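S.K.: Here it is: the structure, laid out below.
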Amino acid sequence: MVREGRGQGEGYEYLPWITTQSFASRGTQSRIPIPGIGSAVHVMSNIERHMFLLHRHRGGLVAYLSQFPLPREVTLAVAEHLGIRHPRYPSTTVPVVMTIDALVTTRTPDNLDITCAWDAKPHSELNNKRTLEKLSIVRGACDLLGYPHHLFTDKTVPRTTIRSIEWLSVARNRANECPVESEMLRAHKLTLVADLYNKRPRKTIDQYCTRSDKVNNLPLGLSLRALKQLILEDVLNVDISMAPADIMESRVPIPSSPLLPQAPGGRLA
């Protein structure tokens with residue numbers, strides 16, 4: 001695995017120590033491309049996927065190195081210090097190369113990059129003594145390496161919030177997207193902002209997007225995708241703690257400030 005370059009490199013050159021091809025599919029493994037940041041994220045469970053979606057939604061994501069390996073000599077030393085049996089590969093005496101689910105680097109508003117280690121576990125597993133022992137080894141190793149260690153569970157964020165983030169995430173720009181569609185989407189986002197800022201319509205999101213597609217002779221759903229992108233870009237403020245169906249029936253939000261250049265007199269050009 002070391003010869004293959006696993007757990008090495010940066011950005012698009014990074015290859016996770018464990019990939020989705022490492023195991024027979026259990027239906028919860030997936031690769032999520034992240035254009036502009038680096039190689040695809042390999043997640044082994046729905047909880048890991050939710051953790052990644054939340055990090056991306058929060059913004060400021062610089063790097064997300066999934067299934068990141070910890071130096072074996074460090075985890076062995078920590079295990080010995082704590083008096084905990086180090087995990088071994090099945091039917092061998094070879095110590096496992098322990099991994100964290102993600103090494104995440106985010107950029108603060110002050111332009112400071114912060115790198116933290118994250119693990120995702122079902123909350124029910126935290127009652128398991130052996131799970132806690134392994135987490136203790138990982139946390140001790142991360143402390144020695146200078147990475148604050150955090151734990152994400154299925155109780156960290158309400159399920160409705162995750163569902164809303166998933167609902168919004170499908171609107172993101174896609175790799176190899178048709179340039180014509182990308183330009184149409186970009187232009188329509190500006191049209192929506194101008195329309196919302198000037199007319200301040202009192203309609204639900206569902207009503208507004210349906211009418212916008214019809215009036216502008218657009219493919220069905222393009223207005224909703226454009227509006228979702230404006231939400232992701234924080235141009236429109238929406239309460240993502242609501243379920244997607246409730247968001248669709250809420251009043252269309254009004255941008256607090258226009259994205260378009262101002263004409264004399266304060267009107268949008």
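The way I read the labels, and the way they are meant: chains A, B, ... in the order of the structure tokens, residue 1 as the first residue of every chain, and ligand 1 as the first ligand shown, with later ones counted on from there.
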Mind checking which residues fall within 9 Å of Ile254 in chain A, counting only C-alpha atoms, ignoring those fewer than 2 positions away in the same chain, and posting them as a ChimeraX atom specification?
M.R.: /A:193,196-197,200-201,235-237,252,256-257
S.K.: Atoms to include: all heavy atoms. Write the selected residues as a compact mmCIF listing (two decimals), in the first residue's frame.
M.R.:
```txt
# COMPACT_ATOMS: atom_id res chain seq x y z
N VAL A 193 -31.53 37.23 -8.70
CA VAL A 193 -31.17 38.20 -7.66
C VAL A 193 -31.78 39.56 -7.96
O VAL A 193 -32.35 40.22 -7.08
CB VAL A 193 -29.63 38.31 -7.52
CG1 VAL A 193 -29.26 39.45 -6.58
CG2 VAL A 193 -29.06 37.01 -6.99
N LEU A 196 -35.64 39.35 -7.43
CA LEU A 196 -36.01 39.27 -6.01
C LEU A 196 -35.76 40.60 -5.30
O LEU A 196 -36.55 41.04 -4.47
CB LEU A 196 -35.22 38.15 -5.32
CG LEU A 196 -35.56 36.72 -5.73
CD1 LEU A 196 -34.56 35.74 -5.12
CD2 LEU A 196 -36.97 36.36 -5.29
N TYR A 197 -34.66 41.25 -5.64
CA TYR A 197 -34.30 42.50 -4.97
C TYR A 197 -35.25 43.63 -5.36
O TYR A 197 -35.63 44.45 -4.53
CB TYR A 197 -32.87 42.87 -5.32
CG TYR A 197 -32.35 44.06 -4.54
CD1 TYR A 197 -31.97 43.92 -3.21
CD2 TYR A 197 -32.24 45.30 -5.14
CE1 TYR A 197 -31.49 44.99 -2.49
CE2 TYR A 197 -31.75 46.39 -4.42
CZ TYR A 197 -31.38 46.22 -3.09
OH TYR A 197 -30.91 47.29 -2.39
N ARG A 200 -39.41 41.90 -4.88
CA ARG A 200 -39.71 41.33 -3.56
C ARG A 200 -41.02 40.55 -3.56
O ARG A 200 -41.97 40.89 -2.84
CB ARG A 200 -39.73 42.44 -2.50
CG ARG A 200 -38.39 43.14 -2.40
CD ARG A 200 -38.33 44.21 -1.35
NE ARG A 200 -36.99 44.76 -1.29
CZ ARG A 200 -36.01 44.33 -0.48
NH1 ARG A 200 -36.25 43.35 0.34
NH2 ARG A 200 -34.82 44.87 -0.52
N PRO A 201 -41.07 39.49 -4.37
CA PRO A 201 -42.33 38.72 -4.50
C PRO A 201 -42.68 38.00 -3.21
O PRO A 201 -41.81 37.54 -2.48
CB PRO A 201 -42.01 37.73 -5.62
CG PRO A 201 -40.53 37.58 -5.56
CD PRO A 201 -39.99 38.92 -5.17
N VAL A 235 -26.08 34.06 -0.59
CA VAL A 235 -26.75 35.25 -1.13
C VAL A 235 -28.19 35.30 -0.62
O VAL A 235 -28.72 36.36 -0.34
CB VAL A 235 -26.73 35.22 -2.68
CG1 VAL A 235 -27.49 36.42 -3.25
CG2 VAL A 235 -25.29 35.23 -3.18
N LEU A 236 -28.79 34.12 -0.47
CA LEU A 236 -30.14 34.01 0.07
C LEU A 236 -30.08 33.27 1.39
O LEU A 236 -29.39 32.24 1.50
CB LEU A 236 -31.06 33.26 -0.90
CG LEU A 236 -31.22 33.87 -2.30
CD1 LEU A 236 -32.14 33.00 -3.15
CD2 LEU A 236 -31.74 35.30 -2.23
N ASN A 237 -30.77 33.76 2.38
CA ASN A 237 -30.74 33.18 3.71
C ASN A 237 -31.92 32.24 3.92
O ASN A 237 -33.08 32.67 3.84
CB ASN A 237 -30.76 34.29 4.76
CG ASN A 237 -30.62 33.74 6.17
OD1 ASN A 237 -30.04 32.67 6.37
ND2 ASN A 237 -31.14 34.47 7.13
N VAL A 252 -40.14 32.81 -0.46
CA VAL A 252 -38.87 32.97 -1.16
C VAL A 252 -38.06 34.06 -0.46
O VAL A 252 -38.58 35.14 -0.18
CB VAL A 252 -39.09 33.30 -2.65
CG1 VAL A 252 -39.83 34.61 -2.83
CG2 VAL A 252 -37.77 33.33 -3.40
N SER A 256 -30.16 40.30 0.78
CA SER A 256 -29.94 41.51 1.59
C SER A 256 -29.20 42.57 0.82
O SER A 256 -29.31 43.75 1.11
CB SER A 256 -29.17 41.15 2.87
OG SER A 256 -27.94 40.54 2.54
N SER A 257 -28.42 42.16 -0.19
CA SER A 257 -27.71 43.13 -1.03
C SER A 257 -27.58 42.52 -2.43
O SER A 257 -27.36 41.33 -2.57
CB SER A 257 -26.34 43.44 -0.47
OG SER A 257 -25.56 42.27 -0.38
```
S.K.: Of the candidates A:Ala120, A:Arg163, A:Asp246, A:Ile137, which one gets nearest to Glu73 in chain A if we count only C-alpha atoms?
M.R.: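 With only C-alpha atoms as the atom set, the closest residue is A:Ile137.
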S.K.: Need the shell around range 108-114 of chain A: protein/DNA/RNA residues with any atom at most 10 Å away, counting only C-alpha atoms. Skip same-chain ones fewer than 2 positions apart. Format as JSON, numbers by chain?
M.R.: {"A": [59, 60, 61, 62, 63, 104, 105, 106, 116, 147, 148]}
S.K.: Measuring atom to atom with only C-alpha atoms, identify which of A:Ala226, A:Val94, A:Val2, A:Leu76 is nearest to Arg186 in chain A.
M.R.: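 Result for the nearest residue to Arg186 in chain A: A:Ala226.
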S.K.: Nearest to Ser212 in chain A among A:Met51, A:Met98, A:Met1, A:Leu192, with distances taken over only C-alpha atoms: which residue is it?
M.R.: A:Leu192
S.K.: What's the separation between CA of Lys199 in chain A and CA of Asp213 in chain A, in Å to one decimal place?
M.R.: 16.8 Å
S.K.: Determine, counting only C-alpha atoms, which protein, DNA and RNA residues have an atom within 7 Å of an atom of Val97 in chain A; residues of the same chain fewer than 3 positions away are not included. Present the result as a count of residues only.
M.R.: 3
S.K.: As a PyMOL selection string, please: every residue in range 66-179 of chain A that a backbone DSSP assignment puts in strand (DSSP E or B).
M.R.: chain A and resi 66-69+88+95+99-107+113-120+149-152
S.K.: Residues of range 89-242 of chain A classed as helix (DSSP H, G or I) by DSSP on the backbone are to be reported as number ranges by chain.
M.R.: A: 123-127, 129-145, 159-169, 179-199, 205-215, 222-232
S.K.: Would you mind telling me which residue in A:Gly221, A:Leu232, A:Glu183, A:Tyr208 lies nearest to Ser250 in chain A when using only C-alpha atoms?
M.R.: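 Of all the options, A:Tyr208 lies closest to Ser250 in chain A.
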S.K.: Which residue is closest to His42 in chain A? Choose from A:Leu82, A:Thr156, A:Ser66, A:His57 and count only C-alpha atoms.
M.R.: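 Among A:Leu82, A:Thr156, A:Ser66, A:His57, it is A:Ser66 that comes nearest to His42 in chain A.
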S.K.: May I ask which of the residues A:Asn173, A:Ser241, A:Ser45, A:Thr75 is the closest one to Thr160 in chain A, counting only C-alpha atoms?
M.R.: A:Ser241
S.K.: Could you jot down the CA of Asp206 in chain A to CA of Pro244 in chain A separation for me, Å, one decimal place?
M.R.: 10.9 Å
S.K.: Name the residues in contact with Ile162 in chain A at a cut-off of 8 Å, using only C-alpha atoms, excluding same-chain residues fewer than 4 positions from it; report them as a PyMOL selection string.
M.R.: chain A and resi 50+53-54+157-158+166
S.K.: Pick out the residues sitting within 9 Å of Gly146 in chain A, and hand them over as a list in words; count only C-alpha atoms, and ignore anything fewer than 3 positions along from it in its own chain.
M.R.: Thr115, Cys116, Ala141, Cys142 and Asp143 of chain A
S.K.: Dump C-alpha atoms for the selected residues as a PDB file, in the first residue's frame?
M.R.:
```pdb
ATOM      1  CA  THR A 115      -6.177  21.389  10.161  1.00  0.00           C
ATOM      2  CA  CYS A 116      -8.165  18.973  12.339  1.00  0.00           C
ATOM      3  CA  ALA A 141      -1.636   9.992  18.164  1.00  0.00           C
ATOM      4  CA  CYS A 142      -3.380  13.059  16.742  1.00  0.00           C
ATOM      5  CA  ASP A 143      -2.379  15.038  19.813  1.00  0.00           C
TER       6      ASP A 143
END
```
